[in-house]
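Novice: My structure is in model_5.cif, and what it holds is mmCIF, C-alpha atoms and all ligand atoms:
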```
data_input
loop_
_atom_site.label_atom_id
_atom_site.label_comp_id
_atom_site.auth_asym_id
_atom_site.auth_seq_id
_atom_site.Cartn_x
_atom_site.Cartn_y
_atom_site.Cartn_z
CA MET T 495 -38.30 9.97 5.08
CA LEU T 496 -35.30 12.11 4.21
CA THR T 497 -32.75 12.81 6.89
CA LEU T 498 -30.38 15.71 6.61
CA ARG T 499 -27.30 15.27 8.71
CA PHE T 500 -25.27 18.39 9.45
CA ILE T 501 -21.60 17.91 10.23
CA PRO T 502 -19.90 20.98 11.69
CA TYR T 503 -16.35 21.86 10.72
CA ASN T 504 -14.90 20.92 14.10
CA GLU T 505 -16.44 17.48 14.01
CA ILE T 506 -15.16 16.61 10.53
CA HIS T 507 -11.80 18.21 11.15
CA ALA T 508 -11.10 16.24 14.30
CA LEU T 509 -11.02 13.06 12.20
CA SER T 510 -8.14 11.68 10.17
CA SER T 511 -8.60 11.73 6.38
CA TYR T 512 -9.35 8.03 6.42
CA ASP T 513 -12.02 8.28 9.11
CA ARG T 514 -13.51 11.38 7.52
CA ILE T 515 -14.12 9.53 4.26
CA LYS T 516 -15.32 6.41 6.05
CA LYS T 517 -17.81 8.46 8.03
CA ILE T 518 -19.20 10.12 4.89
CA VAL T 519 -19.61 6.84 3.01
CA ASP T 520 -21.16 5.14 6.04
CA LEU T 521 -23.74 7.92 6.43
CA ALA T 522 -24.55 7.87 2.71
CA LYS T 523 -25.05 4.11 2.94
CA GLU T 524 -27.56 4.78 5.71
CA ASP T 525 -29.50 6.90 3.20
CA GLN T 526 -28.69 10.18 4.89
CA ILE T 527 -28.05 13.43 3.10
CA ILE T 528 -24.97 15.06 4.56
CA LEU T 529 -24.24 18.76 4.80
CA ILE T 530 -20.64 19.39 5.76
CA GLU T 531 -19.38 22.77 6.87
CA GLY T 532 -16.26 23.39 4.79
CA LYS T 533 -14.71 21.45 1.95
CA LEU T 534 -12.74 18.28 1.44
CA LYS T 535 -9.28 18.48 -0.05
CA LYS T 536 -9.20 17.59 -3.75
CA THR T 537 -7.09 14.54 -2.93
CA GLU T 538 -9.67 13.48 -0.34
CA GLU T 539 -12.40 13.79 -2.94
CA VAL T 540 -10.79 11.14 -5.15
CA GLU T 541 -10.33 8.94 -2.09
CA LEU T 542 -14.04 9.42 -1.41
CA ILE T 543 -14.85 8.36 -4.98
CA LYS T 544 -12.57 5.31 -4.66
CA ARG T 545 -14.16 4.26 -1.38
CA THR T 546 -17.63 4.82 -2.81
CA MET T 547 -16.80 2.58 -5.78
CA GLU T 548 -15.59 -0.17 -3.43
CA GLU T 549 -18.88 -0.04 -1.56
CA ILE T 550 -21.25 -0.04 -4.53
CA SER T 551 -23.76 -2.86 -4.43
CA ASP T 552 -27.30 -3.59 -5.63
CA LYS T 553 -28.54 -1.36 -2.81
CA PHE T 554 -25.89 1.35 -2.56
CA LYS T 555 -25.41 2.97 -5.95
CA GLY T 556 -22.97 5.70 -5.10
CA ILE T 557 -23.23 9.37 -4.23
CA GLU T 558 -23.96 12.78 -5.60
CA ILE T 559 -21.64 15.47 -4.36
CA ALA T 560 -21.50 19.24 -4.70
CA GLU T 561 -19.54 22.06 -3.16
CA VAL T 562 -20.99 25.45 -2.53
CA ASN T 563 -18.69 28.44 -2.35
CA PRO T 564 -20.68 31.41 -1.16
CA GLN T 565 -17.88 33.87 -1.85
CA GLU T 566 -17.18 32.71 -5.37
CA ASN T 567 -19.20 35.26 -7.22
CA LYS T 568 -18.07 36.01 -10.75
CA ASP T 569 -18.54 39.72 -10.21
CA VAL T 570 -16.46 40.10 -7.09
CA GLN T 571 -14.04 42.94 -7.27
CA PHE T 572 -10.37 42.18 -7.44
CA PHE T 573 -9.69 43.41 -3.92
CA GLN T 574 -12.58 41.47 -2.53
CA LYS T 575 -11.11 38.41 -4.18
CA VAL T 576 -7.67 39.01 -2.71
CA LYS T 577 -9.28 39.48 0.68
CA ASP T 578 -11.25 36.27 0.29
CA GLU T 579 -8.13 34.39 -0.64
CA VAL T 580 -6.38 35.65 2.47
CA ILE T 581 -9.34 34.60 4.59
CA ASN T 582 -9.39 31.24 2.81
CA PHE T 583 -5.75 30.79 3.59
CA LEU T 584 -6.29 31.56 7.26
CA LEU T 585 -9.37 29.43 7.68
CA GLY T 586 -8.21 26.57 5.49
CA ASP T 587 -11.08 24.65 4.00
CA ARG T 588 -13.61 26.06 6.37
CA ILE T 589 -15.36 28.32 3.87
CA GLY T 590 -18.24 26.92 1.90
CA PHE T 591 -20.30 23.78 2.24
CA THR T 592 -20.22 20.30 0.83
CA VAL T 593 -23.42 18.40 0.17
CA ILE T 594 -23.32 14.66 -0.30
CA GLY T 595 -26.31 12.44 -0.88
CA PRO T 596 -26.85 8.80 -1.77
CA ALA T 597 -27.53 8.40 -5.50
CA THR T 598 -30.63 6.33 -4.80
CA ILE T 599 -32.23 9.42 -3.27
CA VAL T 600 -30.53 12.37 -4.88
CA LYS T 601 -30.61 12.47 -8.66
CA GLU T 602 -28.71 15.68 -9.09
CA ILE T 603 -27.41 18.57 -7.04
CA LYS T 604 -27.57 21.91 -8.80
CA GLN T 605 -25.00 24.41 -7.66
CA ASP T 606 -25.55 28.06 -7.45
CA PRO T 607 -23.66 30.59 -5.31
CA ASN T 608 -26.71 31.29 -3.18
CA LYS T 609 -28.69 28.11 -3.03
CA ILE T 610 -28.45 24.37 -3.29
CA GLN T 611 -31.06 22.47 -5.19
CA LEU T 612 -31.40 18.80 -4.49
CA LEU T 613 -33.33 17.02 -7.20
CA THR T 614 -34.65 13.89 -5.59
CA LYS T 615 -35.75 10.74 -7.32
CA ASP T 616 -39.30 9.51 -7.46
CA LYS T 617 -39.53 6.46 -5.28
CA LYS T 618 -40.20 3.34 -7.27
CA LYS T 619 -43.55 1.69 -7.17
CA MET X 147 -0.43 11.41 -21.86
CA GLY X 148 -3.75 10.47 -20.31
CA LEU X 149 -7.30 11.00 -21.47
CA TYR X 150 -9.51 11.58 -18.44
CA GLY X 151 -13.08 12.63 -17.87
CA PRO X 152 -16.58 11.56 -16.95
CA PRO X 153 -18.11 8.55 -18.74
CA ASN X 154 -19.36 9.08 -22.29
CA GLY X 155 -17.42 12.31 -22.93
CA GLY X 156 -15.67 10.82 -25.96
CA LYS X 157 -12.24 9.82 -24.59
CA THR X 158 -12.04 6.62 -26.60
CA THR X 159 -13.42 8.31 -29.72
CA LEU X 160 -10.61 10.85 -29.39
CA ALA X 161 -8.04 8.11 -28.67
CA ASN X 162 -9.16 6.30 -31.82
CA ARG X 163 -8.95 9.51 -33.80
CA ILE X 164 -5.36 10.17 -32.61
CA CYS X 165 -4.32 6.57 -33.28
CA GLU X 166 -5.93 6.53 -36.72
CA ASP X 167 -4.29 9.82 -37.64
CA TRP X 168 -0.78 8.84 -36.54
CA LEU X 169 -0.62 5.04 -36.30
CA GLY X 170 -3.23 3.97 -38.81
CA GLU X 171 -5.05 1.77 -36.26
CA THR X 172 -7.78 2.13 -33.64
CA MET X 173 -7.49 1.89 -29.88
CA GLY X 174 -10.71 0.78 -28.23
CA SER X 175 -14.45 0.33 -28.48
CA VAL X 176 -16.88 3.21 -28.29
CA SER X 177 -20.48 3.08 -27.12
CA ARG X 178 -23.36 5.38 -26.38
CA ILE X 179 -23.77 3.37 -23.16
CA ALA X 180 -21.60 4.77 -20.36
CA HIS X 181 -18.63 2.88 -18.91
CA GLU X 182 -17.69 1.26 -22.19
CA THR X 183 -14.01 1.51 -21.25
CA ARG X 184 -13.53 -0.36 -17.99
CA GLU X 185 -9.80 -1.00 -18.10
CA ILE X 186 -6.85 1.29 -18.72
CA GLN X 187 -5.71 1.07 -22.37
CA ILE X 188 -2.25 2.10 -23.52
CA LYS X 189 -0.84 2.76 -26.99
CA GLU X 190 2.88 3.30 -26.96
CA GLN X 191 5.06 5.63 -28.96
CA ILE X 192 2.63 7.71 -30.92
CA VAL X 193 4.44 10.28 -33.03
CA VAL X 194 2.57 13.45 -33.93
CA LYS X 195 4.14 15.77 -36.51
CA SER X 196 3.53 19.41 -37.20
CA GLY X 197 5.82 21.27 -39.60
CA ASN X 198 9.32 20.19 -38.63
CA LYS X 199 8.37 19.51 -35.03
CA GLU X 200 7.73 16.05 -33.65
CA LEU X 201 6.06 14.88 -30.52
CA MET X 202 6.26 11.35 -29.12
CA PHE X 203 4.11 10.05 -26.27
CA ASN X 204 2.36 7.00 -24.87
CA LEU X 205 -1.39 7.46 -24.98
CA VAL X 206 -3.47 6.23 -22.04
CA ASP X 207 -7.25 5.92 -22.41
CA THR X 208 -8.97 5.64 -19.04
CA PRO X 209 -12.37 4.49 -17.79
CA GLY X 210 -14.74 7.42 -17.17
CA ILE X 211 -14.78 8.64 -13.57
CA ALA X 212 -18.16 8.72 -11.82
CA THR X 213 -19.46 9.01 -8.26
CA LYS X 214 -22.35 6.66 -8.89
CA ILE X 215 -23.01 3.52 -10.90
CA ASP X 216 -26.43 1.92 -11.15
CA PHE X 217 -26.76 -1.44 -12.90
CA GLU X 218 -30.40 -0.61 -13.57
CA ASP X 219 -29.28 2.20 -15.89
CA PHE X 220 -27.58 -0.44 -18.05
CA MET X 221 -30.77 -2.51 -18.03
CA LYS X 222 -32.62 0.52 -19.37
CA SER X 223 -30.18 0.42 -22.29
CA GLY X 224 -31.35 -3.08 -23.02
CA MET X 225 -28.95 -5.29 -21.07
CA LYS X 226 -30.02 -8.37 -19.16
CA LYS X 227 -29.76 -8.15 -15.38
CA GLU X 228 -26.70 -10.36 -15.03
CA GLU X 229 -24.85 -8.57 -17.80
CA ALA X 230 -25.80 -5.18 -16.34
CA LYS X 231 -24.54 -6.18 -12.89
CA LYS X 232 -21.29 -7.46 -14.35
CA ARG X 233 -20.80 -4.21 -16.26
CA ALA X 234 -21.51 -2.19 -13.09
CA LYS X 235 -19.00 -4.19 -11.06
CA GLU X 236 -16.33 -3.80 -13.76
CA ALA X 237 -17.16 -0.11 -14.04
CA THR X 238 -16.52 0.45 -10.30
CA LYS X 239 -13.12 -1.20 -10.69
CA GLY X 240 -12.45 0.92 -13.78
CA VAL X 241 -13.08 4.15 -11.86
CA ILE X 242 -10.68 3.02 -9.12
CA SER X 243 -7.93 2.22 -11.64
CA SER X 244 -8.38 5.58 -13.39
CA ILE X 245 -7.83 7.31 -10.05
CA LYS X 246 -4.84 5.11 -9.19
CA TRP X 247 -3.24 5.93 -12.54
CA LEU X 248 -3.49 9.70 -12.05
CA ASP X 249 -0.02 9.81 -10.51
CA GLU X 250 1.51 8.12 -13.57
CA MET X 251 0.53 10.92 -15.97
CA ASP X 252 2.92 13.51 -17.35
CA ALA X 253 0.08 15.45 -18.95
CA VAL X 254 -3.66 15.00 -19.25
CA VAL X 255 -6.35 15.93 -21.74
CA VAL X 256 -9.65 16.18 -19.87
CA VAL X 257 -12.40 15.27 -22.34
CA LEU X 258 -15.77 16.83 -21.56
CA ASP X 259 -19.09 16.62 -23.37
CA SER X 260 -19.65 20.28 -24.22
CA THR X 261 -23.42 19.77 -24.40
CA LYS X 262 -23.48 19.04 -20.66
CA ASP X 263 -23.18 21.19 -17.53
CA PRO X 264 -19.43 21.73 -17.09
CA TYR X 265 -19.78 22.44 -13.35
CA SER X 266 -20.31 18.83 -12.32
CA GLN X 267 -18.32 17.94 -9.23
CA VAL X 268 -16.59 15.06 -11.05
CA ASN X 269 -15.11 17.51 -13.56
CA ILE X 270 -14.01 19.81 -10.75
CA THR X 271 -12.53 16.91 -8.81
CA ILE X 272 -10.56 15.62 -11.80
CA VAL X 273 -9.17 19.02 -12.80
CA GLY X 274 -8.49 19.92 -9.14
CA ASN X 275 -6.55 16.73 -8.59
CA LEU X 276 -4.43 17.24 -11.67
CA ALA X 277 -3.68 20.77 -10.46
CA ALA X 278 -2.82 19.48 -6.97
CA ARG X 279 -0.39 17.03 -8.58
CA ASN X 280 1.09 19.70 -10.86
CA ILE X 281 0.13 17.75 -13.97
CA PRO X 282 -0.37 19.98 -17.06
CA VAL X 283 -3.98 19.96 -18.28
CA LEU X 284 -5.67 20.65 -21.60
CA ILE X 285 -9.45 20.62 -21.71
CA ALA X 286 -11.10 19.23 -24.84
CA ALA X 287 -14.69 20.46 -25.07
CA ASN X 288 -15.94 17.61 -27.24
CA LYS X 289 -19.02 17.15 -29.43
CA VAL X 290 -18.99 20.66 -30.91
CA ASP X 291 -20.88 19.21 -33.88
CA LEU X 292 -24.01 19.02 -31.73
CA LYS X 293 -26.43 21.95 -31.54
CA LYS X 294 -26.47 22.00 -27.75
CA SER X 295 -22.68 22.31 -27.56
CA ASN X 296 -21.54 25.24 -25.41
CA ILE X 297 -17.78 25.80 -25.56
CA GLU X 298 -18.09 29.21 -23.92
CA GLY X 299 -19.70 27.54 -20.91
CA VAL X 300 -16.73 25.19 -20.57
CA LYS X 301 -14.30 28.10 -20.91
CA GLU X 302 -16.15 30.00 -18.23
CA ALA X 303 -16.05 27.03 -15.86
CA PHE X 304 -12.30 26.56 -16.28
CA PRO X 305 -10.89 30.04 -16.95
CA GLN X 306 -7.34 29.13 -15.93
CA TYR X 307 -7.03 26.34 -18.53
CA ASP X 308 -6.64 25.98 -22.28
CA VAL X 309 -9.99 24.86 -23.65
CA ILE X 310 -10.19 23.55 -27.24
CA GLY X 311 -13.53 22.78 -28.83
CA ILE X 312 -13.38 19.61 -30.94
CA SER X 313 -15.51 16.93 -32.47
CA ALA X 314 -13.63 13.70 -31.92
CA LYS X 315 -16.26 11.87 -33.92
CA TYR X 316 -16.22 14.02 -37.06
CA GLY X 317 -12.71 15.44 -36.75
CA ASN X 318 -13.56 19.13 -36.42
CA GLN X 319 -10.81 21.43 -35.18
CA LEU X 320 -8.35 18.61 -34.76
CA GLU X 321 -5.56 20.88 -36.08
CA ASP X 322 -6.13 23.25 -33.18
CA PHE X 323 -6.17 20.31 -30.83
CA TYR X 324 -2.82 18.98 -32.06
CA ALA X 325 -1.32 22.46 -31.85
CA ALA X 326 -2.50 22.65 -28.24
CA LEU X 327 -0.97 19.21 -27.59
CA PHE X 328 2.41 20.51 -28.68
CA LYS X 329 2.03 23.32 -26.19
CA LEU X 330 0.89 20.94 -23.44
CA LEU X 331 3.65 18.37 -23.86
CA ASP X 332 6.49 20.76 -24.58
N1 LIG T 701 -21.94 13.86 -31.76
C1 LIG T 701 -20.79 13.42 -31.26
N2 LIG T 701 -20.77 12.28 -30.56
C2 LIG T 701 -19.59 11.87 -30.06
C3 LIG T 701 -18.39 12.62 -30.23
N3 LIG T 701 -17.40 11.96 -29.59
C4 LIG T 701 -17.95 10.83 -29.06
N4 LIG T 701 -19.27 10.78 -29.34
C5 LIG T 701 -20.22 9.73 -28.94
O1 LIG T 701 -20.31 9.71 -27.52
C6 LIG T 701 -20.48 8.37 -27.05
C7 LIG T 701 -19.41 8.04 -26.04
O2 LIG T 701 -18.15 8.00 -26.69
P1 LIG T 701 -16.89 7.22 -26.08
O3 LIG T 701 -15.70 7.57 -26.90
O4 LIG T 701 -17.22 5.79 -25.88
O5 LIG T 701 -16.81 7.95 -24.66
P2 LIG T 701 -15.79 7.66 -23.46
O6 LIG T 701 -15.45 8.95 -22.85
O7 LIG T 701 -14.67 6.80 -23.92
O8 LIG T 701 -16.75 6.84 -22.47
P3 LIG T 701 -16.35 5.73 -21.33
O9 LIG T 701 -15.40 4.77 -21.94
O10 LIG T 701 -17.67 5.12 -21.00
O11 LIG T 701 -15.80 6.49 -20.18
C8 LIG T 701 -20.47 7.49 -28.29
O12 LIG T 701 -21.81 7.25 -28.67
C9 LIG T 701 -19.74 8.34 -29.32
O13 LIG T 701 -20.09 8.02 -30.65
C10 LIG T 701 -18.46 13.83 -30.98
O14 LIG T 701 -17.48 14.55 -31.19
N5 LIG T 701 -19.69 14.19 -31.46
MG MG T 702 -14.04 4.97 -23.38
#
```
Translate this file's structure into structure tokens.
Specialist:
Amino acid sequence: MLTLRFIPYNEIHALSSYDRIKKIVDLAKEDQIILIEGKLKKTEEVELIKRTMEEISDKFKGIEIAEVNPQENKDVQFFQKVKDEVINFLLGDRIGFTVIGPATIVKEIKQDPNKIQLLTKDKKK
Amino acid sequence: MGLYGPPNGGKTTLANRICEDWLGETMGSVSRIAHETREIQIKEQIVVKSGNKELMFNLVDTPGIATKIDFEDFMKSGMKKEEAKKRAKEATKGVISSIKWLDEMDAVVVVLDSTKDPYSQVNITIVGNLAARNIPVLIAANKVDLKKSNIEGVKEAFPQYDVIGISAKYGNQLEDFYAALFKLLD
């Protein structure tokens, strides 16, 4: 069974960077797919990779991660873009979503401005 | 100057090419199996010349950065279980050291396989972290000798960066690459 765990912005933001990353890795180790409202900082993403590497075992093989930025459309007009940047600045990392799944379940996450495609793995015999 | 990127992009092939061109020796071993480089490798004082200009730098080849490592993938490449597990363990440590070394870099060439989807989160994470640390970046879209190579795709994914298409293996467009290095390290 696949479990999708949604983590709202307020919940993830209340945590320290350390606890935020710990929480994500712990959930991934429990075979949950996580949908986070908002984005991690780039520096947190490398911390997440580091922590993931420390936890890799015969059972836990790492994560797949993807960010979805609904407003990042190539065709957006210049003014729209400026506006988005102002909104981004005000809301911090609240815009967009981050999807993280354990590599044993999620083979690949395809990104697209409007949809997220999770390619799952065939369970072994 | 660091060479960073996902596993198998051709970092070591490029490092060897640079070292052969300017030092007359190679740097490290290359393999079609990912995570061949599992420890940071350094070659000191490489001097690149172009016209009457000279460039000196220490070259750092890094283990490929990944978000997942599965020892069973290595077994599919023909390794025995114990060997595959050992390689996986070393590979996890390699990824951690690549990340730790980020702060030591004065400039970085991100080596990507131009036949692959450039939008992978690892690529975005690496380039984003270099930007956050104010480290100058040059993107080498490698393997242009292959039919599936798509330099335009890489350029589109990273519009704010210099992207140079190269073949580290066969030496295509290396002149352009060295010219871009001068710009990067100036
Ligand atoms: N066709 C082609 N193959 C290349 C090129 N550069 C590298 N390769 C091949 O890609 C594979 C990986 O090359 P490496 O240099 O080991 O890649 P790497 O980025 O150092 O990989 P890790 O050390 O695992 O992170 C090898 O089979 C190389 O021969 C190229 O320009 N063209
Ligand atoms: Mg290598």
Novice: Quick one: residues within 8 Å of Met202 of chain X, only C-alpha atoms counted, chain neighbours fewer than 2 positions away excluded, as a list in words?
Specialist: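 Here the answer would be Gln191, Ile192, Val193, Val194, Glu200 and Asn204 of chain X.
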Novice: Dump C-alpha atoms for the selected residues as an mmCIF file, in the coordinates of the input?
Specialist:
```cif
data_model
loop_
_atom_site.group_PDB
_atom_site.id
_atom_site.type_symbol
_atom_site.label_atom_id
_atom_site.label_comp_id
_atom_site.auth_asym_id
_atom_site.auth_seq_id
_atom_site.Cartn_x
_atom_site.Cartn_y
_atom_site.Cartn_z
ATOM 1 C CA GLN X 191 5.060 5.630 -28.960
ATOM 2 C CA ILE X 192 2.630 7.710 -30.920
ATOM 3 C CA VAL X 193 4.440 10.280 -33.030
ATOM 4 C CA VAL X 194 2.570 13.450 -33.930
ATOM 5 C CA GLU X 200 7.730 16.050 -33.650
ATOM 6 C CA ASN X 204 2.360 7.000 -24.870
#
```
Novice: What separation in Å, quoted to one decimal, exists between atom CA of Ile164 of chain X and atom CA of Gly274 of chain X?
Specialist: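 These two atoms are separated by 25.6 Å.
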Novice: Which residues sit within 10 Å of ligand LIG 701 (chain T), counting all atoms listed in the file, listed as a PyMOL selection string?
Specialist: chain X and resi 149-163+174-186+207-212+237+240-241+256-261+287-293+295+311-318
Novice: Using only C-alpha atoms for the distances, tell me which of T:Leu521, T:Ile506, T:Ile528, T:Leu542 is nearest to chain X.
Specialist: T:Leu542
Novice: If we count all atoms listed in the file, which residues of chain T reach to within 6 Å of chain X? Please list them as a list in words.
Specialist: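 Listing them in order of chain and number gives Lys536, Ile543, Lys544, Met547, Lys555, Gly556, Ile557 and Ala560 of chain T.
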Novice: Find the distance between atom CA of Gly170 of chain X and atom CA of Met251 of chain X and write it in Å to one decimal.
Specialist: 24.2 Å
Novice: Between atom CA of Ala325 of chain X and atom CA of Tyr307 of chain X, what is the distance, to one decimal in Å?
Specialist: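 Straight-line distance from atom CA of Ala325 of chain X to atom CA of Tyr307 of chain X works out to 15.0 Å.
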Novice: For ligand MG 702 (chain T), which residue among X:Leu201, X:Leu330, X:Val206, X:Met221 is the nearest when counting only C-alpha atoms and all ligand atoms?
Specialist: X:Val206
Novice: I'd like the contact shell of segment 596-600 of chain T - 8 Å cut-off, all atoms listed in the file, skipping same-chain residues fewer than 6 positions apart - returned as number ranges by chain.
Specialist: T: 522-523, 525-527, 554-558, 612-615; X: 214
Novice: Any chance you could work out the axis-aligned box around segment 217-228 of chain X, listed atoms only, 3 Å on each side, giving centre and edge lengths in Å to one decimal, as AutoDock Vina command-line options?
Specialist:
```
--center_x -29.7 --center_y -4.1 --center_z -18.0 --size_x 11.9 --size_y 18.6 --size_z 16.1
```
Novice: Using all atoms listed in the file, determine which residues lie at most 12 Å from Gln306 of chain X, disregarding the query and same-chain residues fewer than 2 positions distant; provide the list as a list in words.
Specialist: Val273, Gly274, Ala277, Pro282, Val283, Leu284, Ile285, Val300, Lys301, Glu302, Ala303, Phe304, Asp308 and Val309 of chain X
Novice: Could you write out that same residue set with C-alpha atoms as a PDB file, in the coordinates of the input?
Specialist:
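again_6.pdb was written with the following content:
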```pdb
ATOM      1  CA  VAL X 273      -9.170  19.020 -12.800  1.00  0.00           C
ATOM      2  CA  GLY X 274      -8.490  19.920  -9.140  1.00  0.00           C
ATOM      3  CA  ALA X 277      -3.680  20.770 -10.460  1.00  0.00           C
ATOM      4  CA  PRO X 282      -0.370  19.980 -17.060  1.00  0.00           C
ATOM      5  CA  VAL X 283      -3.980  19.960 -18.280  1.00  0.00           C
ATOM      6  CA  LEU X 284      -5.670  20.650 -21.600  1.00  0.00           C
ATOM      7  CA  ILE X 285      -9.450  20.620 -21.710  1.00  0.00           C
ATOM      8  CA  VAL X 300     -16.730  25.190 -20.570  1.00  0.00           C
ATOM      9  CA  LYS X 301     -14.300  28.100 -20.910  1.00  0.00           C
ATOM     10  CA  GLU X 302     -16.150  30.000 -18.230  1.00  0.00           C
ATOM     11  CA  ALA X 303     -16.050  27.030 -15.860  1.00  0.00           C
ATOM     12  CA  PHE X 304     -12.300  26.560 -16.280  1.00  0.00           C
ATOM     13  CA  ASP X 308      -6.640  25.980 -22.280  1.00  0.00           C
ATOM     14  CA  VAL X 309      -9.990  24.860 -23.650  1.00  0.00           C
TER      15      VAL X 309
END
```
Novice: Quick one: of X:Asp167, X:Gln187, X:Ala286, X:Thr172, who's nearest to ligand MG 702 (chain T), counting only C-alpha atoms and all ligand atoms?
Specialist: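 Of X:Asp167, X:Gln187, X:Ala286, X:Thr172, the one nearest ligand MG 702 (chain T), counting only C-alpha atoms and all ligand atoms, is X:Gln187.
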Novice: Hey, which of T:Glu524, T:Glu539, T:Ser551, T:Leu509 ends up closest to Leu496 of chain T? Count only C-alpha atoms.
Specialist: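 Using only C-alpha atoms, Leu496 of chain T sits closest to T:Glu524.
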Novice: With N, CA, C and O atoms as the target, complete segment 527-541 of chain T and hand it back as a CSV table (one decimal), in the coordinates of the input.
Specialist:
```csv
chain,number,residue,atom,x,y,z
T,527,ILE,N,-28.7,12.3,3.9
T,527,ILE,CA,-28.0,13.4,3.1
T,527,ILE,C,-27.2,14.2,4.1
T,527,ILE,O,-27.6,14.5,5.2
T,528,ILE,N,-25.9,14.5,3.6
T,528,ILE,CA,-25.0,15.1,4.6
T,528,ILE,C,-24.6,16.5,4.1
T,528,ILE,O,-24.3,16.7,2.9
T,529,LEU,N,-24.7,17.4,5.1
T,529,LEU,CA,-24.2,18.8,4.8
T,529,LEU,C,-23.0,19.0,5.7
T,529,LEU,O,-23.1,19.0,6.9
T,530,ILE,N,-21.9,19.2,5.0
T,530,ILE,CA,-20.6,19.4,5.8
T,530,ILE,C,-20.2,20.9,5.7
T,530,ILE,O,-20.2,21.5,4.6
T,531,GLU,N,-19.9,21.4,6.8
T,531,GLU,CA,-19.4,22.8,6.9
T,531,GLU,C,-17.9,22.7,6.4
T,531,GLU,O,-17.1,22.0,7.0
T,532,GLY,N,-17.6,23.4,5.3
T,532,GLY,CA,-16.3,23.4,4.8
T,532,GLY,C,-16.2,22.4,3.6
T,532,GLY,O,-17.2,21.9,3.1
T,533,LYS,N,-14.9,22.3,3.1
T,533,LYS,CA,-14.7,21.4,2.0
T,533,LYS,C,-13.7,20.4,2.2
T,533,LYS,O,-12.8,20.5,3.0
T,534,LEU,N,-13.8,19.3,1.4
T,534,LEU,CA,-12.7,18.3,1.4
T,534,LEU,C,-11.6,18.8,0.6
T,534,LEU,O,-11.8,19.5,-0.3
T,535,LYS,N,-10.4,18.2,0.8
T,535,LYS,CA,-9.3,18.5,0.0
T,535,LYS,C,-9.6,17.7,-1.3
T,535,LYS,O,-10.2,16.7,-1.4
T,536,LYS,N,-9.0,18.2,-2.5
T,536,LYS,CA,-9.2,17.6,-3.8
T,536,LYS,C,-8.7,16.1,-3.7
T,536,LYS,O,-9.4,15.3,-4.3
T,537,THR,N,-7.6,15.9,-3.0
T,537,THR,CA,-7.1,14.5,-2.9
T,537,THR,C,-8.0,13.7,-2.1
T,537,THR,O,-8.1,12.5,-2.3
T,538,GLU,N,-8.7,14.3,-1.1
T,538,GLU,CA,-9.7,13.5,-0.3
T,538,GLU,C,-10.9,13.1,-1.2
T,538,GLU,O,-11.5,12.1,-1.0
T,539,GLU,N,-11.2,14.1,-2.1
T,539,GLU,CA,-12.4,13.8,-2.9
T,539,GLU,C,-12.2,12.5,-3.8
T,539,GLU,O,-13.1,11.8,-4.0
T,540,VAL,N,-11.0,12.4,-4.4
T,540,VAL,CA,-10.8,11.1,-5.2
T,540,VAL,C,-10.8,9.9,-4.3
T,540,VAL,O,-11.2,8.8,-4.7
T,541,GLU,N,-10.3,10.1,-3.0
T,541,GLU,CA,-10.3,8.9,-2.1
T,541,GLU,C,-11.8,8.6,-1.8
T,541,GLU,O,-12.1,7.4,-1.7
```
